[in-house]
>>> print(open('query_20.pdb').read())   # PDB, C-alpha atoms, pLDDT in the B column
ATOM      1  CA  MET F 420      23.612  28.183 -38.765  1.00 51.00           C
ATOM      2  CA  LYS F 421      20.937  25.863 -40.159  1.00 51.00           C
ATOM      3  CA  THR F 422      23.195  22.861 -39.502  1.00 53.00           C
ATOM      4  CA  ARG F 423      23.713  23.900 -35.884  1.00 60.00           C
ATOM      5  CA  SER F 424      19.948  24.374 -35.344  1.00 63.00           C
ATOM      6  CA  LEU F 425      19.229  21.011 -37.012  1.00 53.00           C
ATOM      7  CA  LEU F 426      21.873  19.271 -34.873  1.00 55.00           C
ATOM      8  CA  THR F 427      20.499  20.883 -31.712  1.00 64.00           C
ATOM      9  CA  GLY F 428      16.971  19.778 -32.643  1.00 60.00           C
ATOM     10  CA  VAL F 429      18.109  16.195 -33.332  1.00 52.00           C
ATOM     11  CA  LEU F 430      20.037  15.962 -30.038  1.00 52.00           C
ATOM     12  CA  LEU F 431      17.091  17.401 -28.102  1.00 58.00           C
ATOM     13  CA  THR F 432      14.715  14.910 -29.751  1.00 52.00           C
ATOM     14  CA  ILE F 433      17.040  11.970 -28.991  1.00 48.00           C
ATOM     15  CA  PHE F 434      17.337  13.096 -25.362  1.00 48.00           C
ATOM     16  CA  ILE F 435      13.552  13.348 -24.955  1.00 50.00           C
ATOM     17  CA  VAL F 436      12.948   9.937 -26.565  1.00 42.00           C
ATOM     18  CA  LEU F 437      15.610   8.250 -24.436  1.00 41.00           C
ATOM     19  CA  SER F 438      14.381   9.910 -21.248  1.00 45.00           C
ATOM     20  CA  MET F 439      10.826   8.727 -21.874  1.00 44.00           C
ATOM     21  CA  THR F 440      11.620   5.141 -22.865  1.00 41.00           C
ATOM     22  CA  GLY F 441      14.942   4.213 -21.292  1.00 42.00           C
ATOM     23  CA  ALA F 442      15.604   2.404 -18.050  1.00 45.00           C
ATOM     24  CA  ALA F 443      15.351   4.508 -14.947  1.00 44.00           C
ATOM     25  CA  PHE F 444      18.978   4.371 -13.851  1.00 47.00           C
ATOM     26  CA  ALA F 445      18.325   6.409 -10.689  1.00 51.00           C
ATOM     27  CA  GLN F 446      15.142   4.498  -9.882  1.00 63.00           C
ATOM     28  CA  ALA F 447      14.150   0.996  -8.942  1.00 65.00           C
ATOM     29  CA  ASN F 448      16.036  -1.361 -11.260  1.00 67.00           C
ATOM     30  CA  SER F 449      18.018  -4.584 -11.128  1.00 75.00           C
ATOM     31  CA  GLY F 450      20.097  -5.179  -8.003  1.00 78.00           C
ATOM     32  CA  LYS F 451      18.681  -2.339  -5.912  1.00 85.00           C
ATOM     33  CA  ALA F 452      16.622  -2.558  -2.733  1.00 89.00           C
ATOM     34  CA  VAL F 453      13.319  -0.673  -2.548  1.00 90.00           C
ATOM     35  CA  ILE F 454      11.692   0.441   0.704  1.00 92.00           C
ATOM     36  CA  HIS F 455       8.208   1.954   0.938  1.00 93.00           C
ATOM     37  CA  PHE F 456       6.976   3.376   4.243  1.00 94.00           C
ATOM     38  CA  GLY F 457       3.447   4.691   4.067  1.00 92.00           C
ATOM     39  CA  GLY F 458       0.386   6.057   5.779  1.00 93.00           C
ATOM     40  CA  SER F 459      -2.866   4.478   4.668  1.00 93.00           C
ATOM     41  CA  TYR F 460      -6.645   4.692   4.931  1.00 93.00           C
ATOM     42  CA  SER F 461      -8.521   1.372   4.925  1.00 91.00           C
ATOM     43  CA  GLN F 462     -12.222   0.518   4.677  1.00 87.00           C
ATOM     44  CA  SER F 463     -13.993  -2.820   5.231  1.00 84.00           C
ATOM     45  CA  LEU F 464     -16.216  -4.202   2.481  1.00 79.00           C
ATOM     46  CA  VAL F 465     -18.802  -5.921   4.701  1.00 74.00           C
ATOM     47  CA  ASP F 466     -22.303  -4.594   5.346  1.00 64.00           C
ATOM     48  CA  ASP F 467     -22.099  -4.245   9.137  1.00 64.00           C
ATOM     49  CA  ALA F 468     -18.719  -2.456   9.224  1.00 62.00           C
ATOM     50  CA  GLY F 469     -18.360   1.142  10.288  1.00 69.00           C
ATOM     51  CA  ALA F 470     -16.054   3.809   8.919  1.00 72.00           C
ATOM     52  CA  GLY F 471     -12.452   3.024   8.133  1.00 76.00           C
ATOM     53  CA  PHE F 472      -9.444   4.635   9.753  1.00 83.00           C
ATOM     54  CA  PHE F 473      -5.740   5.326   9.261  1.00 88.00           C
ATOM     55  CA  GLY F 474      -2.837   2.898   9.501  1.00 90.00           C
ATOM     56  CA  VAL F 475       0.826   2.393   8.631  1.00 94.00           C
ATOM     57  CA  ASP F 476       2.510  -0.030   6.228  1.00 95.00           C
ATOM     58  CA  LEU F 477       6.071  -1.040   5.328  1.00 95.00           C
ATOM     59  CA  TYR F 478       7.331  -2.824   2.209  1.00 95.00           C
ATOM     60  CA  ALA F 479      10.966  -3.857   1.700  1.00 95.00           C
ATOM     61  CA  GLY F 480      12.023  -5.640  -1.464  1.00 94.00           C
ATOM     62  CA  LYS F 481      14.882  -6.407  -3.857  1.00 93.00           C
ATOM     63  CA  MET F 482      14.777  -5.741  -7.596  1.00 91.00           C
ATOM     64  CA  ILE F 483      15.428  -9.102  -9.304  1.00 92.00           C
ATOM     65  CA  THR F 484      15.279  -7.574 -12.796  1.00 90.00           C
ATOM     66  CA  ASN F 485      14.591  -4.042 -14.055  1.00 88.00           C
ATOM     67  CA  GLU F 486      10.871  -4.836 -13.766  1.00 91.00           C
ATOM     68  CA  LEU F 487      10.393  -7.428 -10.998  1.00 93.00           C
ATOM     69  CA  CYS F 488      10.717  -6.726  -7.270  1.00 93.00           C
ATOM     70  CA  LEU F 489      10.239  -9.388  -4.556  1.00 96.00           C
ATOM     71  CA  GLY F 490       9.859  -8.507  -0.896  1.00 96.00           C
ATOM     72  CA  PHE F 491       7.875  -8.456   2.330  1.00 97.00           C
ATOM     73  CA  HIS F 492       4.962  -6.295   3.430  1.00 96.00           C
ATOM     74  CA  VAL F 493       3.803  -5.665   7.013  1.00 96.00           C
ATOM     75  CA  GLY F 494       1.358  -3.129   8.375  1.00 94.00           C
ATOM     76  CA  TYR F 495      -1.277  -2.170  10.896  1.00 94.00           C
ATOM     77  CA  ASP F 496      -4.588  -1.330   9.222  1.00 91.00           C
ATOM     78  CA  ILE F 497      -7.662  -0.177  11.159  1.00 87.00           C
ATOM     79  CA  ILE F 498     -10.494  -1.214   8.859  1.00 84.00           C
ATOM     80  CA  HIS F 499     -13.464  -0.571  11.178  1.00 79.00           C
ATOM     81  CA  ASN F 500     -13.708   2.289  13.669  1.00 73.00           C
ATOM     82  CA  GLU F 501     -16.994   3.258  15.294  1.00 72.00           C
ATOM     83  CA  SER F 502     -18.080   4.988  18.492  1.00 64.00           C
ATOM     84  CA  ILE F 503     -20.902   3.117  20.297  1.00 64.00           C
ATOM     85  CA  ASP F 504     -23.065   4.743  22.987  1.00 61.00           C
ATOM     86  CA  LEU F 505     -24.091   2.356  25.805  1.00 58.00           C
ATOM     87  CA  ILE F 506     -25.775   2.564  29.210  1.00 66.00           C
ATOM     88  CA  ASP F 507     -23.621   1.401  32.120  1.00 63.00           C
ATOM     89  CA  ALA F 508     -25.311  -1.549  33.882  1.00 64.00           C
ATOM     90  CA  VAL F 509     -24.303  -0.345  37.357  1.00 69.00           C
ATOM     91  CA  THR F 510     -24.497   3.460  37.236  1.00 71.00           C
ATOM     92  CA  HIS F 511     -27.087   3.677  34.430  1.00 67.00           C
ATOM     93  CA  GLU F 512     -25.051   6.518  32.979  1.00 71.00           C
ATOM     94  CA  PRO F 513     -24.338   6.825  29.233  1.00 67.00           C
ATOM     95  CA  VAL F 514     -20.917   5.442  28.278  1.00 64.00           C
ATOM     96  CA  SER F 515     -19.126   5.763  24.949  1.00 67.00           C
ATOM     97  CA  PHE F 516     -17.190   2.755  23.657  1.00 63.00           C
ATOM     98  CA  ASN F 517     -14.822   2.919  20.679  1.00 71.00           C
ATOM     99  CA  GLU F 518     -15.191  -0.260  18.589  1.00 78.00           C
ATOM    100  CA  ARG F 519     -12.254  -1.136  16.327  1.00 79.00           C
ATOM    101  CA  LEU F 520     -11.029  -3.878  14.040  1.00 83.00           C
ATOM    102  CA  GLY F 521      -7.302  -3.855  13.355  1.00 87.00           C
ATOM    103  CA  VAL F 522      -5.537  -6.079  10.826  1.00 91.00           C
ATOM    104  CA  VAL F 523      -1.808  -6.845  10.723  1.00 94.00           C
ATOM    105  CA  PRO F 524      -0.856  -8.281   7.304  1.00 95.00           C
ATOM    106  CA  PHE F 525       2.366 -10.311   6.954  1.00 97.00           C
ATOM    107  CA  LEU F 526       2.751 -10.799   3.191  1.00 97.00           C
ATOM    108  CA  VAL F 527       5.296 -11.968   0.656  1.00 97.00           C
ATOM    109  CA  LYS F 528       4.730  -9.529  -2.187  1.00 97.00           C
ATOM    110  CA  ALA F 529       5.869  -9.136  -5.805  1.00 96.00           C
ATOM    111  CA  LYS F 530       5.716  -5.882  -7.772  1.00 95.00           C
ATOM    112  CA  TYR F 531       6.080  -5.597 -11.541  1.00 95.00           C
ATOM    113  CA  TYR F 532       7.325  -2.152 -12.605  1.00 92.00           C
ATOM    114  CA  LEU F 533       6.805  -0.265 -15.857  1.00 92.00           C
ATOM    115  CA  THR F 534       9.048   2.779 -16.344  1.00 89.00           C
ATOM    116  CA  LEU F 535       7.289   5.767 -17.936  1.00 89.00           C
ATOM    117  CA  SER F 536      10.144   8.268 -17.550  1.00 85.00           C
ATOM    118  CA  PRO F 537      13.324   8.690 -15.477  1.00 82.00           C
ATOM    119  CA  MET F 538      11.181  10.045 -12.641  1.00 86.00           C
ATOM    120  CA  VAL F 539       7.973   8.010 -12.930  1.00 90.00           C
ATOM    121  CA  GLN F 540       7.290   4.299 -12.554  1.00 91.00           C
ATOM    122  CA  VAL F 541       3.954   2.471 -12.272  1.00 94.00           C
ATOM    123  CA  TYR F 542       3.502  -1.067 -10.995  1.00 95.00           C
ATOM    124  CA  GLY F 543       1.089  -3.869 -10.312  1.00 96.00           C
ATOM    125  CA  GLY F 544       1.536  -6.002  -7.220  1.00 96.00           C
ATOM    126  CA  ALA F 545       0.339  -9.295  -5.771  1.00 97.00           C
ATOM    127  CA  GLY F 546       1.013 -10.846  -2.398  1.00 96.00           C
ATOM    128  CA  GLY F 547      -0.002 -13.637  -0.086  1.00 96.00           C
ATOM    129  CA  GLY F 548       0.456 -14.568   3.540  1.00 97.00           C
ATOM    130  CA  VAL F 549      -1.183 -14.259   6.948  1.00 96.00           C
ATOM    131  CA  TYR F 550      -3.558 -11.571   8.244  1.00 95.00           C
ATOM    132  CA  ARG F 551      -3.665 -11.221  12.022  1.00 93.00           C
ATOM    133  CA  VAL F 552      -7.073  -9.782  12.996  1.00 89.00           C
ATOM    134  CA  VAL F 553      -7.165  -7.821  16.274  1.00 85.00           C
ATOM    135  CA  PRO F 554     -10.770  -6.910  17.194  1.00 82.00           C
ATOM    136  CA  SER F 555     -11.912  -4.678  20.038  1.00 74.00           C
ATOM    137  CA  PHE F 556     -15.699  -5.088  19.926  1.00 64.00           C
ATOM    138  CA  GLY F 557     -16.865  -5.501  23.510  1.00 60.00           C
ATOM    139  CA  GLY F 558     -18.637  -8.779  22.737  1.00 56.00           C
ATOM    140  CA  GLY F 559     -19.952  -8.030  19.244  1.00 61.00           C
ATOM    141  CA  GLU F 560     -18.789  -9.143  15.822  1.00 61.00           C
ATOM    142  CA  ILE F 561     -18.114  -7.663  12.389  1.00 66.00           C
ATOM    143  CA  GLY F 562     -18.424  -9.883   9.316  1.00 64.00           C
ATOM    144  CA  THR F 563     -18.258 -13.043  11.502  1.00 71.00           C
ATOM    145  CA  ILE F 564     -15.020 -11.864  13.194  1.00 75.00           C
ATOM    146  CA  LYS F 565     -15.429 -12.189  16.962  1.00 74.00           C
ATOM    147  CA  SER F 566     -11.919 -12.709  18.324  1.00 76.00           C
ATOM    148  CA  SER F 567      -8.250 -12.497  17.387  1.00 82.00           C
ATOM    149  CA  ALA F 568      -7.135 -15.005  14.746  1.00 86.00           C
ATOM    150  CA  ASN F 569      -4.512 -15.678  12.085  1.00 90.00           C
ATOM    151  CA  CYS F 570      -6.180 -15.816   8.663  1.00 90.00           C
ATOM    152  CA  PRO F 571      -4.684 -16.819   5.293  1.00 94.00           C
ATOM    153  CA  GLY F 572      -5.162 -14.223   2.592  1.00 95.00           C
ATOM    154  CA  ALA F 573      -3.909 -12.329  -0.442  1.00 96.00           C
ATOM    155  CA  ALA F 574      -3.684  -8.800  -1.846  1.00 97.00           C
ATOM    156  CA  LEU F 575      -3.677  -7.114  -5.279  1.00 97.00           C
ATOM    157  CA  SER F 576      -2.406  -3.583  -5.846  1.00 97.00           C
ATOM    158  CA  ILE F 577      -1.612  -0.890  -8.391  1.00 97.00           C
ATOM    159  CA  GLY F 578       0.685   2.033  -7.700  1.00 95.00           C
ATOM    160  CA  LEU F 579       2.821   4.891  -8.941  1.00 94.00           C
ATOM    161  CA  ASP F 580       6.263   6.043  -7.747  1.00 93.00           C
ATOM    162  CA  TYR F 581       7.621   9.535  -8.434  1.00 92.00           C
ATOM    163  CA  TRP F 582      11.388   9.757  -7.777  1.00 87.00           C
ATOM    164  CA  PHE F 583      12.207  13.429  -7.332  1.00 84.00           C
ATOM    165  CA  LEU F 584      15.622  13.117  -5.601  1.00 78.00           C
ATOM    166  CA  LEU F 585      17.172  10.213  -7.542  1.00 75.00           C
ATOM    167  CA  THR F 586      16.934   7.649  -4.736  1.00 82.00           C
ATOM    168  CA  THR F 587      14.085   9.262  -2.793  1.00 89.00           C
ATOM    169  CA  GLY F 588      10.491   9.691  -3.816  1.00 91.00           C
ATOM    170  CA  VAL F 589       6.793   9.528  -3.057  1.00 94.00           C
ATOM    171  CA  GLY F 590       4.289   6.928  -4.141  1.00 93.00           C
ATOM    172  CA  PHE F 591       0.564   6.348  -4.312  1.00 96.00           C
ATOM    173  CA  GLU F 592      -0.986   2.890  -4.078  1.00 96.00           C
ATOM    174  CA  PHE F 593      -4.454   1.314  -4.134  1.00 97.00           C
ATOM    175  CA  GLU F 594      -4.682  -2.185  -2.668  1.00 96.00           C
ATOM    176  CA  TYR F 595      -7.446  -4.782  -2.304  1.00 96.00           C
ATOM    177  CA  HIS F 596      -7.060  -7.293   0.564  1.00 95.00           C
ATOM    178  CA  MET F 597      -8.991 -10.520   1.149  1.00 94.00           C
ATOM    179  CA  PHE F 598      -8.650 -13.231   3.789  1.00 92.00           C
ATOM    180  CA  ASN F 599     -10.566 -16.205   5.203  1.00 88.00           C
ATOM    181  CA  VAL F 600     -11.830 -15.918   8.774  1.00 86.00           C
ATOM    182  CA  PRO F 601     -11.848 -19.098  10.932  1.00 81.00           C
ATOM    183  CA  ASP F 602     -15.413 -20.125  10.027  1.00 73.00           C
ATOM    184  CA  GLY F 603     -14.550 -20.058   6.322  1.00 68.00           C
ATOM    185  CA  ASP F 604     -16.172 -16.747   5.302  1.00 79.00           C
ATOM    186  CA  MET F 605     -14.212 -14.300   3.137  1.00 85.00           C
ATOM    187  CA  TYR F 606     -13.466 -10.850   4.543  1.00 86.00           C
ATOM    188  CA  SER F 607     -12.160  -8.047   2.335  1.00 88.00           C
ATOM    189  CA  TYR F 608     -11.139  -4.418   2.513  1.00 91.00           C
ATOM    190  CA  TRP F 609      -9.661  -1.747   0.251  1.00 93.00           C
ATOM    191  CA  GLN F 610      -6.824   0.589   1.071  1.00 94.00           C
ATOM    192  CA  VAL F 611      -5.316   3.777  -0.328  1.00 95.00           C
ATOM    193  CA  ARG F 612      -1.779   4.644   0.688  1.00 95.00           C
ATOM    194  CA  VAL F 613       0.768   7.450   0.335  1.00 95.00           C
ATOM    195  CA  ASP F 614       4.335   6.121   0.494  1.00 94.00           C
ATOM    196  CA  TYR F 615       7.754   7.590   1.153  1.00 94.00           C
ATOM    197  CA  GLY F 616      10.164   5.628  -1.049  1.00 90.00           C
ATOM    198  CA  ILE F 617      13.890   4.961  -0.692  1.00 87.00           C
ATOM    199  CA  ILE F 618      16.244   3.100  -3.033  1.00 82.00           C
ATOM    200  CA  LYS F 619      19.314   1.406  -1.582  1.00 79.00           C
ATOM    201  CA  PHE F 620      22.257   0.343  -3.763  1.00 71.00           C
TER     202      PHE F 620
END
>>> encode(input="query_20.pdb", output="structure tokens")
Amino acid sequence: MKTRSLLTGVLLTIFIVLSMTGAAFAQANSGKAVIHFGGSYSQSLVDDAGAGFFGVDLYAGKMITNELCLGFHVGYDIIHNESIDLIDAVTHEPVSFNERLGVVPFLVKAKYYLTLSPMVQVYGGAGGGVYRVVPSFGGGEIGTIKSSANCPGAALSIGLDYWFLLTTGVGFEFEYHMFNVPDGDMYSYWQVRVDYGIIKF
């Protein structure tokens, strides 16, 4: 009886240790494709910017090793959204104008994964590419952005993936974006995102 209890305890301990430290065989690991589709909230980090707004983002990558994933990121982020009250020049009636600054990032992005358990992975990411700025200001400017432009930039991120159905899961990510506007000034914004994750074999 004591031997059976001891054996059960040893097997249970081995299972727990392996499940906490082993490779995540049903998660993102070597040879698999990883897709993240997410809803995000973004906020500009310049003094004259208004409130942020919601956007969508997509990341598709391939696991090169059990830790390293290389892929592409694209999104539509509204980083400034403000309602402006004006007086119409002809009718002299009050008019409300919605001022927005949208950004479309096209990035090559790498993620480095650390497996905490068979269901949980954390990662750090870095990417670089082009940010397409799409302003709707009505003649104004935000952080020296006046018109549409393609701007070189980069992003840094940290995130967590929770795989609850083997190849399906949810993720949470915080990302910092920075890019150069045409006159040479740096523009930056932060973003929080909730992702729906899929693994393809």
>>> closest_residue(input="query_20.pdb", among="F:Phe491, F:Tyr550, F:Phe456, F:Phe472", to="Gly590 of chain F", atoms="all atoms listed in the file")
F:Phe456
>>> resolve_selection(input="query_20.pdb", expression="the PyMOL selection byres ((chain F and resi 601-607) around 10)", output="list in words")
Gln462, Ser463, Leu464, Val465, Ile498, Ile561, Gly562, Thr563, Ile564, Lys565, Ser566, Ser567, Ala568, Asn569, Cys570, Pro571, Gly572, Ala573, Ala574, Tyr595, His596, Met597, Phe598, Asn599, Val600, Tyr608 and Trp609 of chain F
>>> resolve_selection(input="query_20.pdb", expression="the PyMOL selection byres ((chain F and resi 500) around 9)", output="JSON list (two decimals) with C-alpha atoms, in the frame of the given file")
[["chain", "number", "residue", "atom", "x", "y", "z"],
["F", 468, "ALA", "CA", -18.72, -2.46, 9.22],
["F", 469, "GLY", "CA", -18.36, 1.14, 10.29],
["F", 470, "ALA", "CA", -16.05, 3.81, 8.92],
["F", 471, "GLY", "CA", -12.45, 3.02, 8.13],
["F", 472, "PHE", "CA", -9.44, 4.64, 9.75],
["F", 497, "ILE", "CA", -7.66, -0.18, 11.16],
["F", 498, "ILE", "CA", -10.49, -1.21, 8.86],
["F", 499, "HIS", "CA", -13.46, -0.57, 11.18],
["F", 501, "GLU", "CA", -16.99, 3.26, 15.29],
["F", 502, "SER", "CA", -18.08, 4.99, 18.49],
["F", 517, "ASN", "CA", -14.82, 2.92, 20.68],
["F", 518, "GLU", "CA", -15.19, -0.26, 18.59],
["F", 519, "ARG", "CA", -12.25, -1.14, 16.33],
["F", 520, "LEU", "CA", -11.03, -3.88, 14.04],
["F", 521, "GLY", "CA", -7.30, -3.86, 13.36]]
>>> residues_around(input="query_20.pdb", residues="Tyr615 of chain F", least_positions_apart="5", cutoff="8 Å", atoms="all atoms listed in the file", output="ChimeraX atom specification")
/F:455-457,587-590
>>> resolve_selection(input="query_20.pdb", expression="the PyMOL selection byres ((chain F and resi 546) around 6)", output="MDAnalysis selection string")
chainID F and resid 526:528 545 547 573:574
>>> write_last_selection(input="query_20.pdb", atoms="C-alpha atoms", output="PDB file, keeping the file's coordinate frame")
ATOM      1  CA  LEU F 526       2.751 -10.799   3.191  1.00 97.00           C
ATOM      2  CA  VAL F 527       5.296 -11.968   0.656  1.00 97.00           C
ATOM      3  CA  LYS F 528       4.730  -9.529  -2.187  1.00 97.00           C
ATOM      4  CA  ALA F 545       0.339  -9.295  -5.771  1.00 97.00           C
ATOM      5  CA  GLY F 547      -0.002 -13.637  -0.086  1.00 96.00           C
ATOM      6  CA  ALA F 573      -3.909 -12.329  -0.442  1.00 96.00           C
ATOM      7  CA  ALA F 574      -3.684  -8.800  -1.846  1.00 97.00           C
TER       8      ALA F 574
END
>>> closest_residue(input="query_20.pdb", among="F:Phe620, F:Tyr542, F:Tyr532, F:Phe473", to="Ile577 of chain F", atoms="only C-alpha atoms")
F:Tyr542
>>> atom_distance(input="query_20.pdb", atom1="atom CA of Leu579 of chain F", atom2="atom CA of Val522 of chain F")
24.1 Å
>>> residues_around(input="query_20.pdb", residues="Gly490 of chain F", least_positions_apart="5", cutoff="7 Å", atoms="only C-alpha atoms", output="list in words")
Tyr478, Ala479, Gly480, Lys481, Val527, Lys528 and Ala529 of chain F
>>> atom_distance(input="query_20.pdb", atom1="atom CA of Asp496 of chain F", atom2="atom CA of Tyr460 of chain F")
7.7 Å
>>> closest_residue(input="query_20.pdb", among="F:Asp580, F:Ser449, F:Val552, F:Val493", to="Val613 of chain F", atoms="all atoms listed in the file")
F:Asp580
>>> atom_distance(input="query_20.pdb", atom1="atom CA of Lys451 of chain F", atom2="atom CA of Gly474 of chain F")
27.0 Å
>>> residues_around(input="query_20.pdb", residues="Val475 of chain F", least_positions_apart="3", cutoff="6 Å", atoms="all atoms listed in the file", output="list in words")
Gly457, Gly458, Ser459, Gly494 and Tyr495 of chain F
>>> closest_residue(input="query_20.pdb", among="F:Tyr531, F:Glu512, F:Ser461, F:Ser555", to="Thr484 of chain F", atoms="all atoms listed in the file")
F:Tyr531
>>> build_atoms(input="query_20.pdb", residues="segment 462-489 of chain F", atoms="N, CA and C atoms", output="short mmCIF file (atom, residue, chain, number, x, y, z; two decimals), in the coordinates of the input")
data_model
loop_
_atom_site.label_atom_id
_atom_site.label_comp_id
_atom_site.auth_asym_id
_atom_site.auth_seq_id
_atom_site.Cartn_x
_atom_site.Cartn_y
_atom_site.Cartn_z
N GLN F 462 -10.78 0.62 4.47
CA GLN F 462 -12.22 0.52 4.68
C GLN F 462 -12.70 -0.90 4.42
N SER F 463 -13.43 -1.48 5.39
CA SER F 463 -13.99 -2.82 5.23
C SER F 463 -15.05 -2.85 4.14
N LEU F 464 -15.20 -4.01 3.52
CA LEU F 464 -16.22 -4.20 2.48
C LEU F 464 -17.29 -5.20 2.93
N VAL F 465 -17.69 -5.11 4.19
CA VAL F 465 -18.80 -5.92 4.70
C VAL F 465 -19.90 -4.98 5.16
N ASP F 466 -21.14 -5.46 5.11
CA ASP F 466 -22.30 -4.59 5.35
C ASP F 466 -22.36 -3.99 6.74
N ASP F 467 -21.95 -4.74 7.78
CA ASP F 467 -22.10 -4.24 9.14
C ASP F 467 -20.87 -3.50 9.66
N ALA F 468 -19.93 -3.17 8.80
CA ALA F 468 -18.72 -2.46 9.22
C ALA F 468 -18.97 -0.96 9.25
N GLY F 469 -18.28 -0.31 10.19
CA GLY F 469 -18.36 1.14 10.29
C GLY F 469 -17.32 1.81 9.40
N ALA F 470 -17.01 3.05 9.72
CA ALA F 470 -16.05 3.81 8.92
C ALA F 470 -14.65 3.24 9.08
N GLY F 471 -13.85 3.44 8.06
CA GLY F 471 -12.45 3.02 8.13
C GLY F 471 -11.63 4.02 8.94
N PHE F 472 -10.33 3.76 8.98
CA PHE F 472 -9.44 4.64 9.75
C PHE F 472 -8.04 4.56 9.15
N PHE F 473 -7.09 5.24 9.78
CA PHE F 473 -5.74 5.33 9.26
C PHE F 473 -4.84 4.22 9.82
N GLY F 474 -3.79 3.91 9.08
CA GLY F 474 -2.84 2.90 9.50
C GLY F 474 -1.47 3.18 8.91
N VAL F 475 -0.53 2.27 9.16
CA VAL F 475 0.83 2.39 8.63
C VAL F 475 1.23 1.07 7.99
N ASP F 476 2.07 1.16 6.96
CA ASP F 476 2.51 -0.03 6.23
C ASP F 476 3.97 0.13 5.81
N LEU F 477 4.67 -1.01 5.74
CA LEU F 477 6.07 -1.04 5.33
C LEU F 477 6.28 -2.16 4.32
N TYR F 478 6.95 -1.82 3.21
CA TYR F 478 7.33 -2.82 2.21
C TYR F 478 8.83 -2.70 1.98
N ALA F 479 9.53 -3.83 2.01
CA ALA F 479 10.97 -3.86 1.70
C ALA F 479 11.21 -4.98 0.71
N GLY F 480 11.81 -4.64 -0.43
CA GLY F 480 12.02 -5.64 -1.46
C GLY F 480 13.32 -5.45 -2.21
N LYS F 481 13.65 -6.42 -3.04
CA LYS F 481 14.88 -6.41 -3.86
C LYS F 481 14.49 -6.54 -5.31
N MET F 482 15.04 -5.67 -6.16
CA MET F 482 14.78 -5.74 -7.60
C MET F 482 15.55 -6.93 -8.18
N ILE F 483 14.82 -7.92 -8.69
CA ILE F 483 15.43 -9.10 -9.30
C ILE F 483 15.84 -8.80 -10.73
N THR F 484 14.98 -8.08 -11.45
CA THR F 484 15.28 -7.57 -12.80
C THR F 484 14.94 -6.09 -12.80
N ASN F 485 14.99 -5.45 -13.97
CA ASN F 485 14.59 -4.04 -14.06
C ASN F 485 13.10 -3.85 -13.84
N GLU F 486 12.32 -4.94 -13.91
CA GLU F 486 10.87 -4.84 -13.77
C GLU F 486 10.33 -5.51 -12.51
N LEU F 487 10.96 -6.60 -12.06
CA LEU F 487 10.39 -7.43 -11.00
C LEU F 487 11.06 -7.19 -9.65
N CYS F 488 10.24 -6.92 -8.63
CA CYS F 488 10.72 -6.73 -7.27
C CYS F 488 10.02 -7.73 -6.36
N LEU F 489 10.79 -8.44 -5.52
CA LEU F 489 10.24 -9.39 -4.56
C LEU F 489 10.58 -8.91 -3.15
#
